[in-house]
file my_file-v4.cif (mmCIF, C-alpha atoms)
data_upload
#
loop_
_atom_site.label_atom_id
_atom_site.label_comp_id
_atom_site.auth_asym_id
_atom_site.auth_seq_id
_atom_site.Cartn_x
_atom_site.Cartn_y
_atom_site.Cartn_z
CA MET A 1 -53.90 -101.16 5.80
CA ALA A 2 -54.40 -101.78 2.11
CA HIS A 3 -55.30 -105.37 1.23
CA PRO A 4 -55.34 -107.08 -2.15
CA THR A 5 -58.92 -107.70 -3.31
CA ASP A 6 -60.22 -110.61 -5.36
CA THR A 7 -60.90 -110.18 -9.05
CA THR A 8 -62.71 -112.63 -11.33
CA ASP A 9 -63.33 -113.39 -15.00
CA ALA A 10 -66.47 -111.23 -14.70
CA THR A 11 -64.88 -108.21 -12.99
CA PHE A 12 -61.39 -108.28 -14.52
CA GLU A 13 -62.15 -105.65 -17.13
CA SER A 14 -63.48 -103.08 -14.70
CA ASP A 15 -61.06 -104.00 -11.88
CA VAL A 16 -57.91 -104.11 -13.95
CA LEU A 17 -58.14 -103.11 -17.61
CA LYS A 18 -60.18 -99.94 -16.96
CA SER A 19 -58.44 -99.00 -13.72
CA ASP A 20 -57.24 -95.39 -13.40
CA VAL A 21 -54.17 -96.50 -11.47
CA PRO A 22 -51.68 -99.27 -12.32
CA VAL A 23 -52.75 -102.72 -11.09
CA LEU A 24 -50.72 -105.68 -9.89
CA VAL A 25 -52.53 -108.99 -10.44
CA ASP A 26 -51.44 -112.00 -8.38
CA PHE A 27 -52.39 -115.20 -10.27
CA TRP A 28 -52.66 -118.04 -7.76
CA ALA A 29 -54.42 -121.29 -6.93
CA PRO A 30 -55.12 -122.99 -3.61
CA TRP A 31 -53.02 -126.06 -4.47
CA CYS A 32 -49.88 -124.03 -5.21
CA GLY A 33 -47.51 -123.87 -2.22
CA PRO A 34 -45.27 -121.09 -3.52
CA CYS A 35 -48.40 -119.01 -4.22
CA ARG A 36 -49.16 -119.09 -0.52
CA MET A 37 -45.66 -117.73 0.11
CA VAL A 38 -46.20 -114.88 -2.33
CA ALA A 39 -49.44 -113.78 -0.66
CA PRO A 40 -47.88 -112.15 2.45
CA VAL A 41 -45.27 -110.40 0.30
CA VAL A 42 -47.98 -109.01 -1.94
CA GLU A 43 -49.84 -107.87 1.20
CA GLU A 44 -46.76 -105.93 2.31
CA LEU A 45 -46.32 -104.39 -1.12
CA ALA A 46 -49.99 -103.38 -1.13
CA ASN A 47 -49.23 -101.34 1.98
CA ASP A 48 -46.01 -99.84 0.65
CA TYR A 49 -47.63 -98.79 -2.64
CA ASP A 50 -50.99 -97.78 -1.14
CA GLY A 51 -52.61 -95.11 -3.32
CA LYS A 52 -50.14 -95.60 -6.16
CA VAL A 53 -50.92 -99.16 -7.25
CA LYS A 54 -54.02 -101.32 -6.92
CA PHE A 55 -53.44 -104.95 -5.84
CA VAL A 56 -55.78 -107.77 -6.86
CA LYS A 57 -55.68 -111.58 -6.73
CA LEU A 58 -57.07 -113.94 -9.33
CA ASN A 59 -57.73 -117.60 -8.55
CA THR A 60 -56.78 -119.40 -11.79
CA ASP A 61 -58.91 -122.46 -10.94
CA ASP A 62 -62.09 -120.42 -10.65
CA ASN A 63 -61.24 -117.93 -13.39
CA PRO A 64 -59.69 -119.82 -16.29
CA LYS A 65 -60.74 -117.26 -18.91
CA VAL A 66 -58.47 -114.45 -17.77
CA ALA A 67 -55.66 -116.87 -16.97
CA SER A 68 -55.68 -118.30 -20.50
CA GLN A 69 -56.20 -114.87 -22.10
CA PHE A 70 -52.88 -113.75 -20.64
CA GLY A 71 -51.10 -117.06 -21.28
CA ILE A 72 -50.61 -117.91 -17.61
CA ARG A 73 -48.89 -121.35 -17.65
CA SER A 74 -47.09 -121.13 -14.37
CA ILE A 75 -48.03 -119.83 -10.98
CA PRO A 76 -47.34 -117.79 -9.02
CA THR A 77 -47.28 -115.17 -11.77
CA LEU A 78 -47.63 -111.47 -11.13
CA LEU A 79 -48.69 -109.18 -13.98
CA ILE A 80 -48.51 -105.42 -13.72
CA PHE A 81 -51.08 -103.53 -15.82
CA LYS A 82 -50.81 -99.89 -16.80
CA ASP A 83 -53.58 -98.26 -18.87
CA GLY A 84 -55.03 -101.69 -19.66
CA GLU A 85 -51.75 -103.06 -21.01
CA VAL A 86 -49.26 -105.50 -19.46
CA ALA A 87 -46.34 -103.39 -18.28
CA GLY A 88 -44.47 -106.00 -16.28
CA GLN A 89 -44.41 -109.70 -15.46
CA VAL A 90 -42.83 -111.80 -12.74
CA VAL A 91 -43.03 -115.61 -12.90
CA GLY A 92 -42.26 -117.66 -9.79
CA PHE A 93 -41.56 -116.62 -6.23
CA ARG A 94 -39.21 -113.67 -5.75
CA PRO A 95 -38.19 -111.77 -2.65
CA LYS A 96 -39.95 -108.49 -1.90
CA SER A 97 -37.01 -106.33 -3.01
CA ASP A 98 -37.10 -107.98 -6.45
CA LEU A 99 -40.84 -107.43 -6.78
CA ALA A 100 -40.50 -103.79 -5.71
CA ARG A 101 -37.87 -103.28 -8.42
CA HIS A 102 -40.21 -104.79 -11.04
CA LEU A 103 -43.04 -102.55 -9.85
CA ASP A 104 -40.86 -99.44 -9.92
CA ALA A 105 -39.63 -100.29 -13.43
CA ALA A 106 -43.19 -100.81 -14.67
CA LEU A 107 -44.39 -97.56 -13.11
CA ALA A 108 -41.53 -95.47 -14.47
CA MET B 1 -37.81 -99.07 3.09
CA THR B 2 -34.65 -100.17 4.93
CA ASN B 3 -32.27 -97.58 6.19
CA GLU B 4 -29.04 -98.41 4.38
CA ASN B 5 -26.91 -96.64 7.00
CA GLN B 6 -28.28 -98.57 9.95
CA ALA B 7 -25.66 -100.25 12.14
CA PRO B 8 -25.51 -104.00 11.58
CA ARG B 9 -27.54 -106.13 13.97
CA GLU B 10 -25.52 -108.46 16.17
CA VAL B 11 -26.79 -112.03 16.57
CA ASP B 12 -25.37 -115.33 17.77
CA ILE B 13 -26.22 -117.59 14.84
CA ALA B 14 -27.04 -116.66 11.26
CA ILE B 15 -28.62 -119.32 9.07
CA ILE B 16 -28.59 -118.77 5.33
CA GLY B 17 -31.42 -120.66 3.64
CA GLY B 18 -34.81 -121.84 4.89
CA GLY B 19 -35.06 -125.42 3.64
CA PRO B 20 -35.14 -128.48 5.91
CA ALA B 21 -31.46 -128.05 6.93
CA GLY B 22 -31.89 -124.39 7.85
CA LEU B 23 -35.23 -124.86 9.59
CA ALA B 24 -33.94 -127.76 11.70
CA ALA B 25 -30.78 -125.77 12.51
CA GLY B 26 -32.98 -122.85 13.54
CA LEU B 27 -34.96 -125.07 15.87
CA TYR B 28 -31.86 -126.39 17.62
CA ALA B 29 -30.12 -123.00 17.75
CA ALA B 30 -33.18 -121.27 19.16
CA ARG B 31 -33.72 -124.02 21.72
CA ALA B 32 -30.08 -123.52 22.80
CA LEU B 33 -31.25 -119.94 23.53
CA ARG B 34 -28.95 -118.42 20.94
CA THR B 35 -30.30 -115.37 19.13
CA THR B 36 -30.93 -116.93 15.74
CA VAL B 37 -31.82 -115.32 12.46
CA LEU B 38 -32.72 -117.33 9.37
CA PHE B 39 -32.45 -115.67 5.97
CA GLU B 40 -34.67 -116.82 3.13
CA GLY B 41 -34.61 -115.05 -0.21
CA GLY B 42 -37.01 -117.42 -1.96
CA VAL B 43 -39.57 -119.89 -0.73
CA LEU B 44 -39.48 -121.29 2.80
CA GLY B 45 -38.96 -125.04 2.63
CA GLY B 46 -36.71 -124.79 -0.40
CA GLN B 47 -37.09 -127.76 -2.71
CA ILE B 48 -39.76 -129.45 -0.58
CA ALA B 49 -42.05 -126.41 -0.87
CA THR B 50 -42.75 -127.41 -4.46
CA SER B 51 -42.97 -131.12 -3.79
CA ASP B 52 -46.51 -132.50 -3.86
CA ARG B 53 -45.98 -135.15 -1.20
CA VAL B 54 -43.04 -136.16 0.92
CA GLU B 55 -43.36 -139.89 1.58
CA ASN B 56 -39.97 -140.66 3.07
CA TYR B 57 -39.83 -138.31 6.04
CA PRO B 58 -40.22 -140.48 9.14
CA GLY B 59 -43.30 -139.96 11.26
CA PHE B 60 -45.81 -139.49 8.47
CA PRO B 61 -47.07 -142.94 7.44
CA ASP B 62 -49.39 -141.42 4.82
CA GLY B 63 -46.87 -138.89 3.59
CA VAL B 64 -47.13 -135.16 4.10
CA GLY B 65 -47.51 -132.24 1.70
CA GLY B 66 -44.10 -130.66 1.04
CA PHE B 67 -45.35 -127.16 1.65
CA GLU B 68 -47.25 -128.21 4.79
CA LEU B 69 -44.13 -129.89 6.17
CA ALA B 70 -42.08 -126.76 5.49
CA MET B 71 -44.65 -124.53 7.18
CA ALA B 72 -44.83 -126.83 10.21
CA MET B 73 -41.02 -126.89 10.54
CA HIS B 74 -40.93 -123.11 10.27
CA GLN B 75 -43.66 -122.66 12.84
CA GLN B 76 -41.83 -124.97 15.24
CA SER B 77 -38.53 -123.07 14.86
CA GLU B 78 -40.20 -119.67 15.31
CA LYS B 79 -42.05 -120.95 18.35
CA PHE B 80 -38.70 -121.34 20.10
CA GLY B 81 -37.53 -117.90 19.09
CA MET B 82 -35.92 -118.17 15.66
CA GLU B 83 -36.42 -115.00 13.65
CA THR B 84 -36.97 -115.07 9.88
CA VAL B 85 -35.67 -112.35 7.57
CA TYR B 86 -37.09 -112.60 4.07
CA ALA B 87 -34.10 -111.39 2.13
CA ARG B 88 -31.25 -112.84 0.14
CA VAL B 89 -27.78 -112.75 1.68
CA THR B 90 -25.62 -111.08 -0.95
CA ASP B 91 -22.27 -111.00 0.82
CA LEU B 92 -20.54 -113.02 3.54
CA GLN B 93 -17.25 -111.89 5.07
CA VAL B 94 -15.12 -113.26 7.89
CA LEU B 95 -14.16 -110.42 10.25
CA GLU B 96 -10.82 -110.13 12.04
CA ASP B 97 -12.38 -111.06 15.38
CA GLY B 98 -13.70 -114.31 13.88
CA ARG B 99 -17.30 -113.17 13.53
CA PHE B 100 -19.16 -112.95 10.24
CA ALA B 101 -20.56 -109.92 8.44
CA LEU B 102 -23.64 -110.58 6.34
CA ARG B 103 -25.13 -108.15 3.87
CA THR B 104 -28.65 -108.72 2.59
CA ASP B 105 -30.73 -107.50 -0.27
CA GLY B 106 -33.30 -105.38 1.55
CA GLY B 107 -33.13 -107.01 5.01
CA GLY B 108 -30.30 -104.99 6.55
CA ASP B 109 -26.79 -105.95 7.65
CA PHE B 110 -25.90 -108.47 10.35
CA ILE B 111 -22.93 -109.63 12.38
CA ALA B 112 -23.01 -113.21 13.66
CA LYS B 113 -20.74 -115.25 15.93
CA ALA B 114 -21.44 -118.39 13.89
CA THR B 115 -22.88 -118.81 10.40
CA LEU B 116 -24.63 -121.86 8.98
CA VAL B 117 -24.93 -122.01 5.22
CA THR B 118 -27.94 -124.15 4.34
CA ALA B 119 -28.62 -122.53 0.99
CA GLY B 120 -29.60 -125.75 -0.78
CA ALA B 121 -29.61 -126.23 -4.50
CA ASP B 122 -31.46 -124.95 -7.55
CA PRO B 123 -32.63 -126.92 -10.58
CA VAL B 124 -30.13 -127.37 -13.38
CA LYS B 125 -31.26 -125.96 -16.71
CA LEU B 126 -30.88 -127.88 -19.96
CA GLY B 127 -29.19 -124.90 -21.61
CA ILE B 128 -30.93 -125.39 -24.96
CA PRO B 129 -32.55 -122.89 -27.34
CA GLY B 130 -36.06 -121.89 -26.30
CA GLU B 131 -35.67 -122.89 -22.66
CA VAL B 132 -35.17 -119.45 -21.12
CA GLU B 133 -37.60 -117.64 -23.45
CA LEU B 134 -40.40 -120.14 -22.77
CA THR B 135 -39.91 -120.54 -19.00
CA GLY B 136 -43.29 -119.91 -17.43
CA LYS B 137 -44.88 -120.44 -20.84
CA GLY B 138 -44.77 -124.21 -20.77
CA VAL B 139 -41.18 -124.76 -19.71
CA SER B 140 -41.22 -125.49 -15.99
CA TYR B 141 -39.07 -126.82 -13.17
CA CYS B 142 -42.07 -127.50 -10.90
CA ALA B 143 -44.76 -129.92 -12.02
CA THR B 144 -46.73 -129.54 -8.81
CA CYS B 145 -46.97 -125.80 -9.55
CA ASP B 146 -47.76 -125.90 -13.22
CA ALA B 147 -49.06 -129.33 -14.34
CA ALA B 148 -52.68 -128.26 -13.82
CA PHE B 149 -52.35 -125.77 -16.69
CA PHE B 150 -51.87 -128.62 -19.15
CA LYS B 151 -55.06 -130.55 -18.61
CA ASN B 152 -55.64 -133.04 -21.46
CA MET B 153 -52.49 -131.96 -23.26
CA GLU B 154 -49.32 -133.87 -24.12
CA VAL B 155 -46.35 -132.94 -22.01
CA ALA B 156 -42.73 -134.04 -21.70
CA VAL B 157 -40.77 -134.64 -18.51
CA VAL B 158 -36.98 -134.65 -18.83
CA GLY B 159 -34.79 -136.68 -16.47
CA GLY B 160 -34.55 -140.11 -14.85
CA GLY B 161 -33.98 -139.47 -11.14
CA ASP B 162 -36.38 -139.34 -8.21
CA ALA B 163 -37.65 -135.84 -8.93
CA ALA B 164 -38.27 -136.50 -12.63
CA VAL B 165 -40.14 -139.75 -12.06
CA GLU B 166 -42.15 -138.46 -9.10
CA GLU B 167 -43.21 -135.32 -10.92
CA ALA B 168 -43.96 -137.24 -14.10
CA VAL B 169 -46.32 -139.52 -12.19
CA PHE B 170 -47.96 -136.46 -10.61
CA THR B 171 -48.40 -134.88 -14.04
CA THR B 172 -50.30 -137.93 -15.35
CA ARG B 173 -53.25 -136.70 -13.25
CA TYR B 174 -53.70 -133.78 -15.62
CA ALA B 175 -52.02 -134.42 -18.95
CA SER B 176 -53.53 -136.71 -21.59
CA LYS B 177 -50.07 -138.17 -22.11
CA VAL B 178 -46.78 -137.76 -20.29
CA ILE B 179 -43.60 -138.65 -22.15
CA LEU B 180 -40.61 -139.17 -19.91
CA ILE B 181 -37.45 -138.43 -21.85
CA HIS B 182 -34.23 -139.83 -20.42
CA ARG B 183 -30.73 -139.89 -21.87
CA ARG B 184 -30.10 -143.43 -20.61
CA ASP B 185 -32.03 -146.67 -21.09
CA GLU B 186 -32.96 -147.10 -17.44
CA LEU B 187 -34.16 -144.91 -14.60
CA ARG B 188 -32.05 -143.92 -11.61
CA ALA B 189 -35.09 -143.21 -9.42
CA GLN B 190 -36.02 -145.29 -6.34
CA LYS B 191 -37.66 -148.56 -7.29
CA VAL B 192 -40.97 -147.70 -5.62
CA LEU B 193 -41.22 -144.61 -7.84
CA GLN B 194 -40.25 -146.56 -10.96
CA GLU B 195 -43.00 -149.08 -10.32
CA ARG B 196 -45.54 -146.29 -10.12
CA ALA B 197 -44.27 -144.76 -13.33
CA PHE B 198 -44.37 -148.04 -15.26
CA ALA B 199 -47.90 -148.66 -13.99
CA ALA B 200 -49.24 -145.26 -15.09
CA GLU B 201 -51.48 -145.73 -18.11
CA ASN B 202 -50.91 -142.41 -19.82
CA MET B 203 -47.14 -142.44 -19.42
CA GLU B 204 -44.64 -143.29 -22.14
CA PHE B 205 -40.86 -143.52 -22.06
CA LEU B 206 -38.40 -142.21 -24.58
CA TRP B 207 -35.05 -143.79 -23.78
CA ASP B 208 -31.55 -142.77 -24.86
CA SER B 209 -32.89 -139.39 -25.87
CA VAL B 210 -32.10 -135.76 -25.20
CA VAL B 211 -34.13 -132.63 -25.88
CA GLU B 212 -32.15 -130.29 -28.10
CA GLU B 213 -34.56 -127.42 -28.66
CA ILE B 214 -37.90 -126.18 -27.39
CA HIS B 215 -40.10 -124.47 -29.95
CA GLY B 216 -43.00 -122.19 -29.18
CA ASP B 217 -44.62 -118.83 -29.48
CA VAL B 218 -43.30 -116.45 -26.82
CA ALA B 219 -45.92 -113.79 -27.65
CA LYS B 220 -48.78 -116.26 -27.32
CA GLY B 221 -47.06 -117.79 -24.33
CA GLN B 222 -46.99 -121.39 -25.36
CA VAL B 223 -44.69 -124.28 -26.08
CA GLU B 224 -45.55 -125.98 -29.38
CA ALA B 225 -42.93 -128.63 -30.04
CA ILE B 226 -39.58 -130.08 -29.03
CA THR B 227 -36.65 -131.42 -30.98
CA VAL B 228 -35.38 -134.72 -29.60
CA ARG B 229 -32.20 -136.57 -30.56
CA ASN B 230 -31.58 -140.25 -29.94
CA VAL B 231 -28.05 -140.41 -28.53
CA LYS B 232 -27.45 -143.93 -29.92
CA THR B 233 -28.74 -143.49 -33.47
CA ASN B 234 -28.44 -139.68 -33.69
CA GLU B 235 -31.91 -139.67 -35.19
CA VAL B 236 -33.57 -136.28 -34.72
CA THR B 237 -37.33 -135.90 -34.42
CA ARG B 238 -39.64 -132.97 -33.83
CA MET B 239 -42.57 -133.76 -31.56
CA PRO B 240 -45.59 -131.54 -30.90
CA MET B 241 -45.66 -130.76 -27.16
CA SER B 242 -47.51 -128.38 -24.87
CA ALA B 243 -45.10 -128.33 -21.96
CA VAL B 244 -41.66 -129.46 -20.89
CA PHE B 245 -40.92 -130.18 -17.23
CA ILE B 246 -37.20 -130.37 -16.51
CA PHE B 247 -35.67 -132.36 -13.62
CA ILE B 248 -32.07 -133.12 -14.49
CA GLY B 249 -30.46 -132.44 -11.14
CA GLN B 250 -29.53 -129.55 -8.90
CA THR B 251 -26.68 -127.13 -8.66
CA PRO B 252 -25.63 -126.08 -5.13
CA ASN B 253 -26.11 -122.46 -4.06
CA SER B 254 -22.54 -122.11 -2.90
CA ASN B 255 -21.63 -118.73 -4.44
CA LEU B 256 -21.29 -117.08 -1.03
CA LEU B 257 -18.69 -119.66 -0.01
CA GLU B 258 -16.47 -119.30 -3.03
CA GLY B 259 -12.92 -118.45 -2.02
CA ILE B 260 -13.77 -119.00 1.67
CA VAL B 261 -14.03 -122.79 1.97
CA PRO B 262 -12.78 -125.72 -0.14
CA MET B 263 -15.26 -127.25 -2.56
CA ASP B 264 -15.58 -130.40 -4.64
CA ALA B 265 -15.74 -130.37 -8.44
CA GLY B 266 -19.50 -129.83 -8.30
CA LYS B 267 -19.10 -126.71 -6.11
CA HIS B 268 -20.36 -128.42 -2.96
CA ALA B 269 -18.59 -127.23 0.19
CA CYS B 270 -16.41 -129.81 1.95
CA VAL B 271 -17.18 -130.28 5.65
CA ASN B 272 -16.40 -132.78 8.39
CA ALA B 273 -18.96 -134.94 10.18
CA TRP B 274 -19.88 -131.95 12.40
CA MET B 275 -20.64 -129.85 9.30
CA GLU B 276 -17.58 -127.73 10.12
CA THR B 277 -15.60 -125.99 7.40
CA PRO B 278 -11.94 -125.09 7.93
CA VAL B 279 -13.16 -121.57 8.84
CA PRO B 280 -13.94 -121.55 12.60
CA GLY B 281 -17.62 -120.82 13.21
CA LEU B 282 -18.65 -121.43 9.61
CA PHE B 283 -20.82 -124.49 9.01
CA VAL B 284 -22.36 -125.88 5.83
CA ALA B 285 -25.29 -128.32 5.92
CA GLY B 286 -27.77 -129.96 3.57
CA ASP B 287 -27.67 -130.07 -0.23
CA VAL B 288 -24.98 -127.41 -0.47
CA ARG B 289 -22.39 -129.61 1.23
CA ALA B 290 -20.35 -132.35 -0.40
CA ASP B 291 -21.30 -136.03 0.04
CA ALA B 292 -24.86 -135.27 1.20
CA ALA B 293 -27.61 -137.84 0.78
CA ARG B 294 -29.89 -135.01 -0.44
CA GLN B 295 -32.97 -136.13 1.45
CA VAL B 296 -35.29 -134.11 3.67
CA VAL B 297 -34.43 -136.25 6.67
CA SER B 298 -30.66 -136.14 6.15
CA SER B 299 -30.73 -132.39 5.54
CA ALA B 300 -32.68 -131.84 8.73
CA GLY B 301 -30.15 -134.03 10.52
CA ASP B 302 -27.28 -132.02 9.04
CA GLY B 303 -28.90 -128.82 10.23
CA ALA B 304 -29.34 -130.12 13.77
CA THR B 305 -25.72 -131.34 13.87
CA ALA B 306 -24.41 -127.97 12.65
CA ALA B 307 -26.51 -126.03 15.17
CA ILE B 308 -25.41 -128.19 18.10
CA ARG B 309 -21.78 -127.72 17.12
CA ALA B 310 -22.27 -123.97 16.54
CA ASP B 311 -23.72 -123.64 20.04
CA HIS B 312 -20.63 -125.35 21.50
CA TYR B 313 -18.36 -123.23 19.33
CA ILE B 314 -19.89 -119.99 20.62
CA THR B 315 -19.59 -121.17 24.24
CA ASP B 316 -15.91 -121.99 23.72
CA HIS B 317 -14.88 -118.91 21.75
CA PHE B 318 -16.92 -115.93 22.91
#

call {"tool": "encode", "arguments": {"input": "my_file-v4.cif", "output": "C-alpha cells"}}
result
Amino acid sequence: MAHPTDTTDATFESDVLKSDVPVLVDFWAPWCGPCRMVAPVVEELANDYDGKVKFVKLNTDDNPKVASQFGIRSIPTLLIFKDGEVAGQVVGFRPKSDLARHLDAALA
Amino acid sequence: MTNENQAPREVDIAIIGGGPAGLAAGLYAARALRTTVLFEGGVLGGQIATSDRVENYPGFPDGVGGFELAMAMHQQSEKFGMETVYARVTDLQVLEDGRFALRTDGGGDFIAKATLVTAGADPVKLGIPGEVELTGKGVSYCATCDAAFFKNMEVAVVGGGDAAVEEAVFTTRYASKVILIHRRDELRAQKVLQERAFAAENMEFLWDSVVEEIHGDVAKGQVEAITVRNVKTNEVTRMPMSAVFIFIGQTPNSNLLEGIVPMDAGKHACVNAWMETPVPGLFVAGDVRADAARQVVSSAGDGATAAIRADHYITDHF
C-alpha cells in the first residue's frame, strides 16, 4: 500500500521540486469538507500509480508559504509537478477517472 | 482499472446522485432490502457538503456542519446495505423489459429495476469575461471552501438569495470587507439571514448592480478588480477586489433525463406527488425535480417518498 505523505513549507523543495519522479500535491485544510472527500480518492490513486508518481499532502493552514507561492486560492487543489515544474492542475473535487486522466496527461 | 467488457451488474434500485435526496432514498431502499447502488460522481452530500452550517434541518437545535450531516446520512444508508459507486452516470436507457441500463465513467455498467434520479443542481455561472479563467484564482462558488484564503482582503459576493447572504456572512469572518452585489434593491433571502447580514460590521451592500467583468492576472493566480454596472443609472465602475464569490442560483443536473421525461422551462423534471415520472420505474427527487422547495429536509423527504414507491413498483412489476 502506498500512502500519501505530508509535506511542509520546510520540506517542499526536497519532497517535490527536487523529486526524481513526478509528484502530485494535494492542497487541503481541515475545515474544508470537499478536501476530506478528495483524500480517499488520492489514496486510491497513490496505489494505482505506485512507483510512477509520488503523492504528498500539504496543509494550507500550516504551510501558507508554499500555498501562496503557487497561487492556491481554492481548495481542494491538486498540482502535478514534473522536474520541479507544474505540469498539471485540478481545482475542486473530481471523480477518480477525471483525476487519472489529468495525471496521465501530465505524465505523457 | 475497470474491465470495459464486464457484464453489467444487476441491481434492484439505482440512485443517481448522493445529496440529501439520494442518501435518504438509499436508506429507505436498503431498509426495504432492495439491492441498492448509489452513484456519486462528485462530492457526497451535494450542495450541503460545501455548506458551513445547516440550521434548518430538524433535530439539530444548534445546527450541524453540512459535510458532517452528509457523512452521517451516508453512514446510515451504508449501514443498512446501500452500496456507493464513486462514478458519474454518463448514460441512462430504458430497456424493452422496462428495466434501466446505466453506463458510468469508470464504475462499470449496471441494470436496475427502478432508477431514482437525485442528481441535484450545480451553481449557475455569471457568464462574464474573466470568470472561467479566474475560477480557483479568486473566483469561487464556495465561500466555505475558499474564504479563508482572503484574510484581510476585500471580496465581493454576488447574489441576493439564501446561499449568497449566508456565504457572505460567513466570509465576513475572514475578509476585511465583504461587498454584497445584488441586481435588485432588496434581498430574497430568509429574514433571519438578512438580519445577520445587515448586522455584520464589515459588510456593505451594492444594490441594483451587476458584475460585468472580472479582471485579474491568470499567471499570478489572482483577481484584481471587477467592473460593476448599476442597472438603473447604467453607471459603470471598476472596483479593486481580491475575490468574487458567486451565488446566483442553481441549474438542475437533468441532462440524463432529456428526451426521456417531460421538463419545465428550467429543465427540472416533472413528477407527481410520488416522485414518479411518466416512465414506469423512473423517479426524480430533490432539486432536479420541478416545484421542489430546494431544502435539505424536503429533498430528504422526496428521496424517501421515491424509494418507498420504487419498492412497491418492483414488488408489483417483477

call {"tool": "residues_around", "arguments": {"input": "my_file-v4.cif", "residues": "Val90 in chain A", "least_positions_apart": "6", "cutoff": "7 Å", "atoms": "all atoms listed in the file", "output": "PyMOL selection string"}}
result
chain A and resi 77-79

call {"tool": "closest_atom_pairs", "arguments": {"input": "my_file-v4.cif", "of": "chain B", "to": "chain A", "cutoff": "6 Å", "atoms": "all atoms listed in the file", "output": "tab-separated table"}}
result
residue	atom	partner	partner_atom	distance
B:Gly41	CA	A:Pro95	CA	5.4
B:Gly42	CA	A:Arg94	CA	5.8
B:Phe67	CA	A:Gly33	CA	5.5
B:Gly106	CA	A:Ser97	CA	6.0
B:Gly136	CA	A:Ser74	CA	5.0
B:Lys137	CA	A:Arg73	CA	5.2
B:Gly138	CA	A:Arg73	CA	5.9
B:Cys145	CA	A:Cys32	CA	5.5
B:Asp146	CA	A:Ser74	CA	5.0
B:Phe149	CA	A:Arg73	CA	5.7
B:Gly221	CA	A:Gly71	CA	5.1

call {"tool": "residues_around", "arguments": {"input": "my_file-v4.cif", "residues": "Gly161 in chain B", "least_positions_apart": "3", "cutoff": "10 Å", "atoms": "all atoms listed in the file", "output": "ChimeraX atom specification"}}
result
/B:158,164-166,182,186-190,193-194,247-249

call {"tool": "write_last_selection", "arguments": {"input": "my_file-v4.cif", "atoms": "C-alpha atoms", "output": "mmCIF file, keeping the file's coordinate frame"}}
result
data_model
loop_
_atom_site.group_PDB
_atom_site.id
_atom_site.type_symbol
_atom_site.label_atom_id
_atom_site.label_comp_id
_atom_site.auth_asym_id
_atom_site.auth_seq_id
_atom_site.Cartn_x
_atom_site.Cartn_y
_atom_site.Cartn_z
ATOM 1 C CA VAL B 158 -36.980 -134.650 -18.830
ATOM 2 C CA ALA B 164 -38.270 -136.500 -12.630
ATOM 3 C CA VAL B 165 -40.140 -139.750 -12.060
ATOM 4 C CA GLU B 166 -42.150 -138.460 -9.100
ATOM 5 C CA HIS B 182 -34.230 -139.830 -20.420
ATOM 6 C CA GLU B 186 -32.960 -147.100 -17.440
ATOM 7 C CA LEU B 187 -34.160 -144.910 -14.600
ATOM 8 C CA ARG B 188 -32.050 -143.920 -11.610
ATOM 9 C CA ALA B 189 -35.090 -143.210 -9.420
ATOM 10 C CA GLN B 190 -36.020 -145.290 -6.340
ATOM 11 C CA LEU B 193 -41.220 -144.610 -7.840
ATOM 12 C CA GLN B 194 -40.250 -146.560 -10.960
ATOM 13 C CA PHE B 247 -35.670 -132.360 -13.620
ATOM 14 C CA ILE B 248 -32.070 -133.120 -14.490
ATOM 15 C CA GLY B 249 -30.460 -132.440 -11.140
#

call {"tool": "residues_around", "arguments": {"input": "my_file-v4.cif", "residues": "Arg184 in chain B", "least_positions_apart": "6", "cutoff": "12 Å", "atoms": "only C-alpha atoms", "output": "PDB file with C-alpha atoms, in the frame of the given file"}}
result
ATOM      1  CA  VAL B 158     -36.980-134.650 -18.830  1.00  0.00           C
ATOM      2  CA  GLY B 159     -34.790-136.680 -16.470  1.00  0.00           C
ATOM      3  CA  GLY B 160     -34.550-140.110 -14.850  1.00  0.00           C
ATOM      4  CA  GLY B 161     -33.980-139.470 -11.140  1.00  0.00           C
ATOM      5  CA  PHE B 205     -40.860-143.520 -22.060  1.00  0.00           C
ATOM      6  CA  LEU B 206     -38.400-142.210 -24.580  1.00  0.00           C
ATOM      7  CA  TRP B 207     -35.050-143.790 -23.780  1.00  0.00           C
ATOM      8  CA  ASP B 208     -31.550-142.770 -24.860  1.00  0.00           C
ATOM      9  CA  SER B 209     -32.890-139.390 -25.870  1.00  0.00           C
ATOM     10  CA  VAL B 210     -32.100-135.760 -25.200  1.00  0.00           C
ATOM     11  CA  ASN B 230     -31.580-140.250 -29.940  1.00  0.00           C
ATOM     12  CA  VAL B 231     -28.050-140.410 -28.530  1.00  0.00           C
ATOM     13  CA  LYS B 232     -27.450-143.930 -29.920  1.00  0.00           C
TER      14      LYS B 232
END

call {"tool": "resolve_selection", "arguments": {"input": "my_file-v4.cif", "expression": "the PyMOL selection byres ((chain B and resi 21-29) around 9)", "output": "ChimeraX atom specification"}}
result
/B:13-20,30-39,44-45,70,73-74,76-83,116-120,285-287,296-308,310-311

call {"tool": "resolve_selection", "arguments": {"input": "my_file-v4.cif", "expression": "the PyMOL selection byres ((chain B and resi 150) around 10)", "output": "PyMOL selection string"}}
result
(chain A and resi 73) or (chain B and resi 138+146-149+151-155+171+174-176+242-243)

call {"tool": "decode", "arguments": {"input": "my_file-v4.cif", "residues": "range 86-90 of chain A", "atoms": "N, CA and C atoms", "output": "compact mmCIF listing (two decimals), in the first residue's frame"}}
result
# COMPACT_ATOMS: atom_id res chain seq x y z
N VAL A 86 5.25 22.91 -12.58
CA VAL A 86 3.84 22.50 -12.56
C VAL A 86 3.46 21.95 -13.94
N ALA A 87 3.04 20.69 -13.97
CA ALA A 87 2.68 20.06 -15.24
C ALA A 87 1.18 19.81 -15.35
N GLY A 88 0.47 20.06 -14.28
CA GLY A 88 -0.98 19.84 -14.32
C GLY A 88 -1.62 20.40 -13.07
N GLN A 89 -2.91 20.78 -13.19
CA GLN A 89 -3.61 21.37 -12.06
C GLN A 89 -5.08 20.98 -12.11
N VAL A 90 -5.62 20.60 -10.96
CA VAL A 90 -7.04 20.29 -10.87
C VAL A 90 -7.59 21.05 -9.66
